[in-house]
$ cat run20.txt   # compact mmCIF, C-alpha atoms and all ligand atoms
# COMPACT_ATOMS: atom_id res chain seq x y z
CA MET M 1 -5.86 21.37 -25.09
CA SER M 2 -7.71 18.55 -23.40
CA VAL M 3 -7.91 16.10 -20.54
CA LEU M 4 -7.10 12.59 -21.77
CA VAL M 5 -8.39 9.57 -19.84
CA TYR M 6 -6.87 6.16 -20.48
CA THR M 7 -9.86 3.82 -20.28
CA GLU M 8 -8.60 0.30 -19.77
CA ASN M 9 -10.85 -2.48 -21.05
CA TRP M 10 -11.05 -6.08 -19.87
CA ASP M 11 -11.87 -8.37 -22.78
CA GLY M 12 -13.55 -5.46 -24.52
CA LYS M 13 -15.58 -4.29 -21.52
CA PHE M 14 -15.21 -1.33 -19.19
CA LYS M 15 -15.74 -1.49 -15.43
CA LYS M 16 -17.11 0.86 -12.78
CA ALA M 17 -13.62 2.28 -12.17
CA THR M 18 -13.66 3.53 -15.78
CA TRP M 19 -16.85 5.50 -15.17
CA GLU M 20 -15.32 6.97 -12.00
CA LEU M 21 -12.25 7.98 -13.95
CA ILE M 22 -14.19 9.65 -16.77
CA SER M 23 -16.42 11.44 -14.22
CA TYR M 24 -13.30 12.70 -12.44
CA GLY M 25 -11.65 13.72 -15.75
CA LYS M 26 -14.81 15.55 -16.77
CA ALA M 27 -14.83 17.55 -13.53
CA ILE M 28 -11.20 18.61 -14.09
CA ALA M 29 -11.86 19.41 -17.75
CA GLU M 30 -14.75 21.69 -16.79
CA GLN M 31 -12.52 23.62 -14.41
CA LEU M 32 -9.84 23.96 -17.08
CA GLY M 33 -12.40 24.83 -19.78
CA VAL M 34 -11.24 22.02 -22.10
CA PRO M 35 -12.87 18.84 -23.45
CA VAL M 36 -12.33 15.39 -21.99
CA PHE M 37 -11.24 12.66 -24.39
CA ALA M 38 -10.96 8.93 -23.78
CA LEU M 39 -8.37 6.57 -25.16
CA THR M 40 -8.70 2.84 -25.24
CA ILE M 41 -6.46 0.16 -26.71
CA GLY M 42 -7.44 -3.21 -28.17
CA ASP M 43 -10.70 -4.76 -29.34
CA VAL M 44 -13.75 -2.94 -27.97
CA ALA M 45 -17.15 -2.87 -29.66
CA ASP M 46 -18.63 0.51 -30.58
CA ASP M 47 -21.55 0.13 -28.13
CA GLN M 48 -19.05 -0.05 -25.24
CA LEU M 49 -17.14 2.93 -26.61
CA ASN M 50 -20.40 4.88 -26.86
CA GLU M 51 -20.98 4.27 -23.13
CA LEU M 52 -18.03 6.58 -22.42
CA GLY M 53 -20.13 9.48 -23.70
CA LYS M 54 -22.60 8.94 -20.84
CA TYR M 55 -20.01 10.25 -18.39
CA GLY M 56 -18.90 13.22 -20.47
CA ALA M 57 -16.22 12.02 -22.90
CA GLU M 58 -16.62 13.94 -26.18
CA LYS M 59 -14.44 11.65 -28.22
CA VAL M 60 -12.78 8.29 -27.85
CA TYR M 61 -9.51 7.46 -29.58
CA HIS M 62 -9.49 3.75 -30.27
CA VAL M 63 -6.04 2.30 -30.91
CA LYS M 64 -6.35 -1.08 -32.61
CA GLY M 65 -4.14 -3.58 -34.36
CA GLU M 66 -2.33 -6.87 -33.87
CA LYS M 67 0.65 -5.21 -32.16
CA VAL M 68 -1.50 -3.82 -29.34
CA SER M 69 -3.73 -6.87 -28.95
CA LYS M 70 -1.89 -7.78 -25.72
CA PHE M 71 -0.83 -5.49 -22.91
CA VAL M 72 2.84 -4.57 -23.18
CA ALA M 73 3.80 -1.54 -21.10
CA ALA M 74 6.35 -0.21 -23.63
CA SER M 75 4.03 -0.31 -26.65
CA TYR M 76 1.00 0.96 -24.71
CA THR M 77 3.05 3.86 -23.33
CA HIS M 78 4.07 4.71 -26.88
CA ALA M 79 0.45 4.64 -28.07
CA ILE M 80 -0.80 6.82 -25.19
CA SER M 81 2.06 9.25 -25.62
CA GLU M 82 1.32 9.65 -29.36
CA VAL M 83 -2.38 10.31 -28.72
CA ALA M 84 -1.61 12.67 -25.80
CA LYS M 85 0.62 14.76 -28.07
CA GLN M 86 -1.96 14.70 -30.88
CA VAL M 87 -4.77 16.02 -28.63
CA GLY M 88 -2.58 18.46 -26.68
CA ALA M 89 -3.40 16.72 -23.40
CA LYS M 90 -2.69 18.87 -20.37
CA VAL M 91 -3.82 16.20 -17.92
CA VAL M 92 -3.56 12.46 -18.58
CA MET M 93 -5.37 10.12 -16.23
CA PHE M 94 -5.16 6.46 -15.28
CA ASP M 95 -6.80 4.15 -12.80
CA HIS M 96 -4.53 3.49 -9.83
CA ASN M 97 -4.37 -0.22 -10.58
CA PHE M 98 -1.58 -2.47 -11.86
CA THR M 99 -1.86 -1.08 -15.38
CA GLY M 100 -2.02 2.56 -14.34
CA ARG M 101 0.86 2.15 -11.94
CA SER M 102 3.01 0.69 -14.68
CA LEU M 103 2.04 3.16 -17.44
CA ALA M 104 1.91 6.51 -15.61
CA PRO M 105 5.63 6.75 -14.71
CA ARG M 106 6.70 5.58 -18.18
CA LEU M 107 4.47 8.18 -19.80
CA ALA M 108 5.78 10.84 -17.42
CA VAL M 109 9.30 10.20 -18.70
CA ARG M 110 8.20 10.43 -22.35
CA LEU M 111 6.17 13.61 -21.86
CA ASP M 112 8.51 15.21 -19.33
CA ALA M 113 5.49 15.41 -17.04
CA GLY M 114 4.99 15.49 -13.30
CA THR M 115 2.96 12.56 -12.01
CA VAL M 116 0.99 11.95 -8.82
CA SER M 117 -0.25 8.45 -8.08
CA GLY M 118 -3.08 7.35 -5.81
CA VAL M 119 -5.05 10.61 -6.08
CA VAL M 120 -8.16 10.62 -3.86
CA ALA M 121 -9.92 13.92 -4.58
CA LEU M 122 -10.34 16.67 -7.15
CA PRO M 123 -7.51 19.23 -7.25
CA SER M 124 -7.81 21.74 -4.42
CA SER M 125 -6.30 24.35 -6.75
CA TYR M 126 -5.66 24.55 -10.50
CA GLU M 127 -3.14 27.45 -10.50
CA PRO M 128 -0.92 26.04 -9.09
CA PHE M 129 -2.19 22.51 -9.70
CA VAL M 130 -2.51 20.80 -6.30
CA VAL M 131 -3.97 17.33 -5.70
CA LYS M 132 -4.35 15.13 -2.65
CA ARG M 133 -2.95 11.61 -2.64
CA SER M 134 -2.95 8.80 -0.14
CA VAL M 135 0.43 7.86 1.39
CA TYR M 136 1.86 5.41 3.95
CA SER M 137 -0.55 2.69 2.80
CA GLY M 138 -3.58 4.88 3.39
CA LYS M 139 -2.53 6.09 6.86
CA ALA M 140 -2.02 9.69 5.75
CA PHE M 141 -2.71 12.12 2.91
CA VAL M 142 -0.39 14.59 1.28
CA GLU M 143 -1.12 17.49 -1.06
CA MET M 144 1.15 17.52 -4.09
CA GLN M 145 1.80 20.43 -6.45
CA ILE M 146 2.57 19.65 -10.10
CA ASP M 147 4.37 22.41 -11.99
CA SER M 148 5.03 20.70 -15.34
CA GLU M 149 2.96 21.65 -18.39
CA VAL M 150 1.53 18.12 -18.70
CA LYS M 151 0.23 16.50 -15.54
CA ILE M 152 -0.31 12.78 -15.04
CA LEU M 153 -2.59 11.40 -12.35
CA SER M 154 -3.71 7.95 -11.27
CA LEU M 155 -7.02 7.88 -9.40
CA MET M 156 -7.58 5.55 -6.45
CA PRO M 157 -10.61 3.34 -7.18
CA ASN M 158 -13.74 4.13 -5.16
CA SER M 159 -12.56 7.62 -4.27
CA TYR M 160 -14.69 9.60 -6.75
CA LYS M 161 -18.39 9.25 -7.36
CA VAL M 162 -19.63 8.25 -10.80
CA SER M 163 -21.68 11.08 -12.31
CA GLU M 164 -23.51 10.99 -15.60
CA ASN M 165 -22.97 13.87 -18.04
CA PRO M 166 -24.34 12.42 -21.27
CA ILE M 167 -23.11 13.95 -24.51
CA PRO M 168 -22.83 12.59 -28.06
CA ILE M 169 -19.48 10.90 -28.47
CA SER M 170 -17.42 10.43 -31.62
CA ILE M 171 -15.08 7.51 -32.18
CA GLU M 172 -11.77 7.80 -34.00
CA ALA M 173 -9.94 4.59 -34.85
CA ILE M 174 -6.18 4.89 -34.82
CA ASP M 175 -3.76 2.45 -36.37
CA LEU M 176 -0.37 3.34 -34.93
CA ASP M 177 3.00 2.19 -36.11
CA ILE M 178 4.46 0.21 -33.19
CA ALA M 179 8.17 -0.52 -33.60
CA ASP M 180 9.22 -4.14 -32.97
CA GLU M 181 11.78 -2.95 -30.43
CA LEU M 182 8.85 -1.99 -28.16
CA LEU M 183 7.73 -5.62 -28.16
CA LYS M 184 10.80 -7.32 -26.72
CA ALA M 185 8.77 -9.16 -24.04
CA VAL M 186 5.18 -10.11 -24.84
CA PRO M 187 2.66 -12.32 -23.00
CA VAL M 188 2.08 -15.58 -24.85
CA ARG M 189 -0.51 -17.21 -22.56
CA VAL M 190 -2.77 -15.75 -19.87
CA GLU M 191 -4.30 -18.02 -17.22
CA LYS M 192 -7.27 -16.38 -15.56
CA ILE M 193 -8.74 -17.28 -12.21
CA GLU M 194 -12.34 -17.98 -13.14
CA GLY M 195 -15.52 -17.55 -11.14
CA LYS M 196 -14.20 -15.10 -8.54
CA ILE M 197 -14.99 -11.43 -8.04
CA PRO M 198 -11.70 -9.56 -8.57
CA LEU M 199 -10.76 -8.12 -5.18
CA THR M 200 -9.55 -4.81 -6.54
CA GLU M 201 -13.01 -4.28 -8.10
CA ALA M 202 -15.17 -5.73 -5.31
CA GLU M 203 -17.76 -3.49 -3.65
CA ILE M 204 -17.98 -5.88 -0.69
CA ILE M 205 -15.21 -8.15 0.61
CA VAL M 206 -15.50 -10.95 3.15
CA SER M 207 -12.05 -11.61 4.55
CA ALA M 208 -10.96 -14.15 7.14
CA GLY M 209 -7.83 -14.87 9.11
CA ARG M 210 -6.10 -17.42 11.29
CA GLY M 211 -8.98 -17.21 13.75
CA MET M 212 -10.81 -19.60 11.40
CA LYS M 213 -8.35 -22.30 12.59
CA ALA M 214 -8.27 -24.46 9.41
CA SER M 215 -9.06 -24.42 5.71
CA ASP M 216 -11.98 -26.82 6.30
CA ASN M 217 -13.81 -24.02 8.11
CA TRP M 218 -14.06 -21.73 5.09
CA GLY M 219 -17.50 -23.01 4.03
CA MET M 220 -19.33 -20.39 6.11
CA ILE M 221 -16.99 -17.64 4.87
CA GLU M 222 -17.68 -18.64 1.26
CA GLU M 223 -21.41 -18.78 1.95
CA LEU M 224 -21.45 -15.31 3.49
CA ALA M 225 -19.48 -13.95 0.53
CA SER M 226 -21.77 -15.67 -1.91
CA ILE M 227 -25.04 -14.30 -0.48
CA LEU M 228 -23.55 -10.82 -0.25
CA GLY M 229 -22.12 -11.00 -3.80
CA ALA M 230 -18.76 -10.27 -2.18
CA GLY M 231 -15.14 -11.00 -3.06
CA LEU M 232 -13.21 -13.41 -0.82
CA ALA M 233 -9.98 -12.33 0.87
CA CYS M 234 -7.69 -13.54 3.64
CA SER M 235 -4.77 -12.52 5.82
CA ARG M 236 -1.26 -13.47 4.83
CA PRO M 237 -0.72 -16.36 7.28
CA VAL M 238 -3.84 -17.98 5.84
CA SER M 239 -2.35 -18.06 2.35
CA ASP M 240 1.13 -18.89 3.72
CA GLU M 241 -0.44 -21.95 5.39
CA GLY M 242 -1.99 -22.91 2.07
CA TRP M 243 -5.54 -22.65 3.47
CA ARG M 244 -6.39 -20.20 0.68
CA GLY M 245 -4.67 -19.13 -2.55
CA HIS M 246 -2.27 -16.19 -2.60
CA ASP M 247 -4.62 -14.39 -4.98
CA GLU M 248 -6.85 -13.75 -1.90
CA HIS M 249 -4.09 -12.37 0.33
CA VAL M 250 -4.59 -8.67 1.12
CA GLY M 251 -2.29 -6.28 2.91
CA GLN M 252 1.08 -4.65 2.58
CA THR M 253 2.53 -7.60 0.69
CA GLY M 254 -0.76 -8.63 -0.93
CA LYS M 255 -3.51 -6.79 -2.77
CA LEU M 256 -4.59 -3.26 -1.89
CA VAL M 257 -8.38 -3.17 -1.80
CA HIS M 258 -10.92 -0.35 -1.54
CA PRO M 259 -14.40 -1.87 -1.15
CA ASN M 260 -17.40 -0.05 0.26
CA LEU M 261 -17.71 -2.78 2.91
CA TYR M 262 -14.93 -5.00 4.34
CA PHE M 263 -15.65 -7.81 6.80
CA ALA M 264 -12.59 -8.92 8.83
CA ILE M 265 -13.38 -12.24 10.49
CA GLY M 266 -10.85 -13.71 12.92
CA ILE M 267 -8.20 -11.24 11.76
CA SER M 268 -6.17 -9.52 14.49
CA GLY M 269 -5.61 -6.24 12.60
CA ALA M 270 -1.82 -6.19 12.29
CA ILE M 271 -0.50 -3.01 10.69
CA GLN M 272 0.65 -4.95 7.61
CA HIS M 273 -2.89 -6.25 7.08
CA LEU M 274 -4.54 -2.87 7.68
CA ALA M 275 -2.17 -1.25 5.18
CA GLY M 276 -3.98 -3.04 2.37
CA VAL M 277 -7.57 -2.57 3.54
CA ASN M 278 -7.89 0.62 5.54
CA SER M 279 -9.15 2.70 2.65
CA SER M 280 -12.34 0.60 2.69
CA LYS M 281 -15.36 2.86 3.26
CA VAL M 282 -16.78 0.75 6.11
CA MET M 283 -14.92 -1.99 8.01
CA VAL M 284 -16.61 -4.54 10.26
CA ALA M 285 -14.43 -6.65 12.57
CA ILE M 286 -15.57 -9.94 14.11
CA ASN M 287 -13.17 -11.18 16.75
CA ASN M 288 -13.43 -13.02 20.08
CA ASP M 289 -10.68 -10.89 21.63
CA VAL M 290 -11.98 -7.49 22.69
CA GLU M 291 -8.37 -6.24 22.67
CA ALA M 292 -7.81 -7.16 19.00
CA PRO M 293 -6.25 -4.12 17.25
CA PHE M 294 -8.77 -4.38 14.39
CA PHE M 295 -11.45 -2.95 16.67
CA GLU M 296 -9.56 0.36 16.74
CA ALA M 297 -9.59 0.62 12.96
CA ALA M 298 -13.08 -0.82 12.36
CA HIS M 299 -16.24 1.25 12.02
CA TYR M 300 -18.30 -1.57 13.56
CA GLY M 301 -17.14 -4.41 15.78
CA ILE M 302 -18.70 -7.66 16.94
CA VAL M 303 -16.96 -9.30 19.90
CA GLY M 304 -17.57 -13.02 19.87
CA ASP M 305 -16.84 -16.40 18.36
CA ALA M 306 -16.85 -16.25 14.55
CA PHE M 307 -18.15 -19.84 14.48
CA GLU M 308 -21.36 -18.61 16.16
CA ILE M 309 -21.61 -15.13 14.63
CA VAL M 310 -21.02 -15.89 10.96
CA PRO M 311 -23.88 -18.44 10.68
CA LYS M 312 -26.18 -15.91 12.41
CA LEU M 313 -25.06 -13.22 10.01
CA ILE M 314 -25.78 -15.52 7.06
CA GLU M 315 -29.31 -16.17 8.39
CA ALA M 316 -29.88 -12.45 8.98
CA VAL M 317 -28.78 -11.56 5.44
CA LYS M 318 -31.02 -14.31 4.02
CA GLU M 319 -34.00 -13.01 6.00
CA PHE M 320 -33.27 -9.46 4.95
CA LYS M 321 -33.08 -10.48 1.30
CA ALA M 322 -36.26 -12.54 1.52
CA ALA M 323 -38.10 -9.51 2.95
CA GLN M 324 -37.02 -7.25 0.04
C1 LIG R 1 7.03 -7.65 6.26
C2 LIG R 1 5.69 -8.20 6.62
C3 LIG R 1 4.66 -8.10 5.70
C4 LIG R 1 3.39 -8.62 6.02
N1 LIG R 1 2.39 -8.49 5.10
C5 LIG R 1 1.15 -8.90 5.44
C6 LIG R 1 0.05 -8.73 4.56
O1 LIG R 1 0.19 -8.25 3.44
N2 LIG R 1 -1.16 -9.15 4.95
C7 LIG R 1 -1.39 -9.73 6.18
O2 LIG R 1 -2.54 -10.08 6.46
N3 LIG R 1 -0.37 -9.91 7.02
C8 LIG R 1 0.88 -9.53 6.69
N4 LIG R 1 1.91 -9.74 7.56
C9 LIG R 1 1.64 -10.53 8.78
C10 LIG R 1 1.02 -9.69 9.89
O3 LIG R 1 2.04 -9.08 10.65
C11 LIG R 1 0.18 -10.58 10.83
O4 LIG R 1 0.99 -11.60 11.33
C12 LIG R 1 -1.02 -11.20 10.14
O5 LIG R 1 -1.78 -10.21 9.50
C13 LIG R 1 -1.89 -11.91 11.18
O6 LIG R 1 -2.89 -12.63 10.51
P1 LIG R 1 -4.23 -12.99 11.28
O7 LIG R 1 -4.81 -11.76 11.83
O8 LIG R 1 -5.04 -13.83 10.36
O9 LIG R 1 -3.71 -13.98 12.41
P2 LIG R 1 -3.51 -13.77 13.96
O10 LIG R 1 -2.62 -12.63 14.25
O11 LIG R 1 -3.14 -15.10 14.50
O12 LIG R 1 -4.94 -13.36 14.49
C14 LIG R 1 -6.03 -14.22 14.53
C15 LIG R 1 -7.17 -13.45 15.17
O13 LIG R 1 -8.30 -14.29 15.21
C16 LIG R 1 -8.96 -14.09 16.45
N5 LIG R 1 -9.73 -15.30 16.72
C17 LIG R 1 -9.27 -16.52 17.12
N6 LIG R 1 -10.29 -17.38 17.22
C18 LIG R 1 -11.41 -16.70 16.90
C19 LIG R 1 -12.77 -17.06 16.85
N7 LIG R 1 -13.19 -18.29 17.12
N8 LIG R 1 -13.65 -16.10 16.51
C20 LIG R 1 -13.26 -14.84 16.22
N9 LIG R 1 -11.97 -14.47 16.26
C21 LIG R 1 -11.06 -15.39 16.59
C22 LIG R 1 -7.86 -13.85 17.45
O14 LIG R 1 -8.34 -13.14 18.57
C23 LIG R 1 -6.90 -13.02 16.63
O15 LIG R 1 -7.16 -11.63 16.76
C24 LIG R 1 3.18 -9.24 7.27
C25 LIG R 1 4.22 -9.32 8.19
C26 LIG R 1 5.46 -8.82 7.87
C27 LIG R 1 6.57 -8.92 8.88
$ encode --input "run20.txt" --output "structure tokens"
Amino acid sequence: MSVLVYTENWDGKFKKATWELISYGKAIAEQLGVPVFALTIGDVADDQLNELGKYGAEKVYHVKGEKVSKFVAASYTHAISEVAKQVGAKVVMFDHNFTGRSLAPRLAVRLDAGTVSGVVALPSSYEPFVVKRSVYSGKAFVEMQIDSEVKILSLMPNSYKVSENPIPISIEAIDLDIADELLKAVPVRVEKIEGKIPLTEAEIIVSAGRGMKASDNWGMIEELASILGAGLACSRPVSDEGWRGHDEHVGQTGKLVHPNLYFAIGISGAIQHLAGVNSSKVMVAINNDVEAPFFEAAHYGIVGDAFEIVPKLIEAVKEFKAAQ
């Protein structure tokens, strides 16, 4: 019996969300009295795999080979399902990101398992197994009971603290037989957006809306993001107008983000926007309308003209950094 954590890698590297996931898996494994194993697919160097041991993984199963060199949900599900059966996984865990959301339900069908997505805390009970998840775009929480023998969870990023539990880790390379029928649709070319902090990973996000009036006014928004090391986001009308790319659009129909700090500049705070950002740890709204709905959701609010406040904020951050 074990807890199995699917550790996604990006060009052979793990991210902070992976450490959160292993830390969370380790905490569950301790309660169940079983080991926690990691599983990764594709080319990853041994020094990266060894890092997984820092957070408590006793062993990493490394599935390699030409047929898994690119992400294909059907073949990856097959690989994870084979390893899960081999290690007698009682709990299988994913990040609640695009990959996890596509793999968890597929795996649930294969393993006849109950699955809960968007989990935000450790189980409140293990017998029966009860976990809390976020629902209604982060506006409410619900406790879910899973009664199947195998349980599948996807963990919301930024909802569990990374904790180090260093132990020696062993690596087992696995070369699985992947049937061609699992590779009916495969990616042939991937175009990456370079030089930007991925919003779903960002610790800080600077986001701006129609209050900025025109795309030409984004210089100060970019500067603020740059000095804070933040990701750049926008409201939907901004990307609909073509002021910014759709990759920056957050909200119900855009990306769901979970940073520690979210700046909303000239954004009214419509429910569809808040749906994508309201699980941020701290939200700061800057708006010249004291009645703007964002002020009800924000932890801190600045009432005033963004064209005066943002440059002052930039200066203040620069001064603060210079004094460090
Ligand atoms: C089905 C559906 C899905 C949607 N999905 C999304 C989504 O995913 N994401 C999303 O963002 N929206 C979404 N929307 C649109 C949403 O309803 C709002 O229309 C949108 O979020 C408003 O964007 P905004 O706040 O930038 O613009 P506005 O509503 O125009 O607000 C601009 C704000 O800027 C303030 N402002 C103006 N000038 C200044 C200044 N000088 N200084 C400071 N503040 C200033 C104003 O007071 C105002 O509050 C969706 C709508 C629908 C119907």
$ closest_atom_pairs --input "run20.txt" --of "chain M" --to "ligand LIG 1 (chain R)" --cutoff "7 Å" --atoms "only C-alpha atoms and all ligand atoms" --output "CSV"
residue,atom,partner,partner_atom,distance
M:Ala208,CA,R:LIG1,O8,6.7
M:Gly209,CA,R:LIG1,O8,3.2
M:Arg210,CA,R:LIG1,O8,3.9
M:Gly211,CA,R:LIG1,O13,3.3
M:Met212,CA,R:LIG1,C18,6.2
M:Cys234,CA,R:LIG1,O2,6.8
M:Ser235,CA,R:LIG1,O2,3.4
M:Arg236,CA,R:LIG1,O2,4.0
M:Pro237,CA,R:LIG1,O6,5.4
M:Val238,CA,R:LIG1,O8,6.3
M:His249,CA,R:LIG1,N2,6.3
M:Val250,CA,R:LIG1,N2,5.2
M:Gly251,CA,R:LIG1,O1,3.2
M:Gln252,CA,R:LIG1,O1,3.8
M:Thr253,CA,R:LIG1,O1,3.7
M:Gly254,CA,R:LIG1,O1,4.5
M:Ile265,CA,R:LIG1,C20,6.3
M:Gly266,CA,R:LIG1,O13,3.5
M:Ile267,CA,R:LIG1,O7,3.4
M:Ser268,CA,R:LIG1,O15,3.3
M:Gly269,CA,R:LIG1,O7,5.6
M:Ala270,CA,R:LIG1,O5,4.9
M:Ile271,CA,R:LIG1,O3,6.6
M:Gln272,CA,R:LIG1,C5,4.5
M:His273,CA,R:LIG1,C7,3.9
M:Gly276,CA,R:LIG1,O1,6.8
M:Ile286,CA,R:LIG1,C20,5.8
M:Asn287,CA,R:LIG1,N9,3.5
M:Asn288,CA,R:LIG1,C20,4.3
M:Asp289,CA,R:LIG1,O14,4.5
M:Ala292,CA,R:LIG1,O15,5.0
M:Gly304,CA,R:LIG1,C20,5.9
M:Asp305,CA,R:LIG1,N8,3.7
M:Ala306,CA,R:LIG1,N8,3.8
M:Phe307,CA,R:LIG1,N7,5.8
$ residues_near_point --input "run20.txt" --point "(-8.7, 20.1, -12.5)" --cutoff "12 Å" --atoms "only C-alpha atoms" --output "PyMOL selection string"
chain M and resi 2-3+23-36+90-93+121-132+146+151-153
$ closest_residue --input "run20.txt" --among "M:Asn165, M:Ser134, M:Asn260, M:Thr7" --to "Val120 (chain M)" --atoms "only C-alpha atoms"
M:Ser134
$ residues_around --input "run20.txt" --residues "Val186 (chain M)" --least-positions-apart "5" --cutoff "8 Å" --atoms "only C-alpha atoms" --output "PyMOL selection string"
chain M and resi 70-72
$ residues_around --input "run20.txt" --residues "Lys67 (chain M)" --least-positions-apart "4" --cutoff "10 Å" --atoms "only C-alpha atoms" --output "list in words"
Gly42, Phe71, Val72, Ser75, Tyr76, Asp175, Leu176, Asp177, Ile178, Ala179, Asp180, Leu182, Leu183 and Val186 of chain M
$ residues_around --input "run20.txt" --residues "Arg133 (chain M)" --least-positions-apart "6" --cutoff "8 Å" --atoms "all atoms listed in the file" --output "VMD selection string"
chain M and resid 116 to 121 141 to 144
$ write_last_selection --input "run20.txt" --atoms "C-alpha atoms" --output "mmCIF file, in the frame of the given file"
data_model
loop_
_atom_site.group_PDB
_atom_site.id
_atom_site.type_symbol
_atom_site.label_atom_id
_atom_site.label_comp_id
_atom_site.auth_asym_id
_atom_site.auth_seq_id
_atom_site.Cartn_x
_atom_site.Cartn_y
_atom_site.Cartn_z
ATOM 1 C CA VAL M 116 0.990 11.950 -8.820
ATOM 2 C CA SER M 117 -0.250 8.450 -8.080
ATOM 3 C CA GLY M 118 -3.080 7.350 -5.810
ATOM 4 C CA VAL M 119 -5.050 10.610 -6.080
ATOM 5 C CA VAL M 120 -8.160 10.620 -3.860
ATOM 6 C CA ALA M 121 -9.920 13.920 -4.580
ATOM 7 C CA PHE M 141 -2.710 12.120 2.910
ATOM 8 C CA VAL M 142 -0.390 14.590 1.280
ATOM 9 C CA GLU M 143 -1.120 17.490 -1.060
ATOM 10 C CA MET M 144 1.150 17.520 -4.090
#
$ atom_distance --input "run20.txt" --atom1 "CA of Gly56 (chain M)" --atom2 "CA of Glu203 (chain M)"
23.7 Å
$ atom_distance --input "run20.txt" --atom1 "CA of Leu103 (chain M)" --atom2 "CA of Ser163 (chain M)"
25.5 Å
$ atom_distance --input "run20.txt" --atom1 "CA of Glu308 (chain M)" --atom2 "CA of Ala264 (chain M)"
15.0 Å
$ closest_residue --input "run20.txt" --among "M:Ser207, M:Ser239, M:Asn97, M:Ser279" --to "Met220 (chain M)" --atoms "only C-alpha atoms"
M:Ser207
$ axis_aligned_box --input "run20.txt" --around "region 274-285 of chain M" --padding-each-side "5 Å" --output "JSON"
{"center_x": -9.5, "center_y": -1.9, "center_z": 7.5, "size_x": 24.6, "size_y": 19.5, "size_z": 20.2}
$ residues_around --input "run20.txt" --residues "Ser102 (chain M)" --least-positions-apart "4" --cutoff "8 Å" --atoms "only C-alpha atoms" --output "list in words"
Ala73, Phe98 and Arg106 of chain M
$ residues_around --input "run20.txt" --residues "Ser226 (chain M)" --least-positions-apart "4" --cutoff "12 Å" --atoms "all atoms listed in the file" --output "VMD selection string"
chain M and resid 195 to 197 204 to 206 219 to 222 230 to 232 314 317 to 318
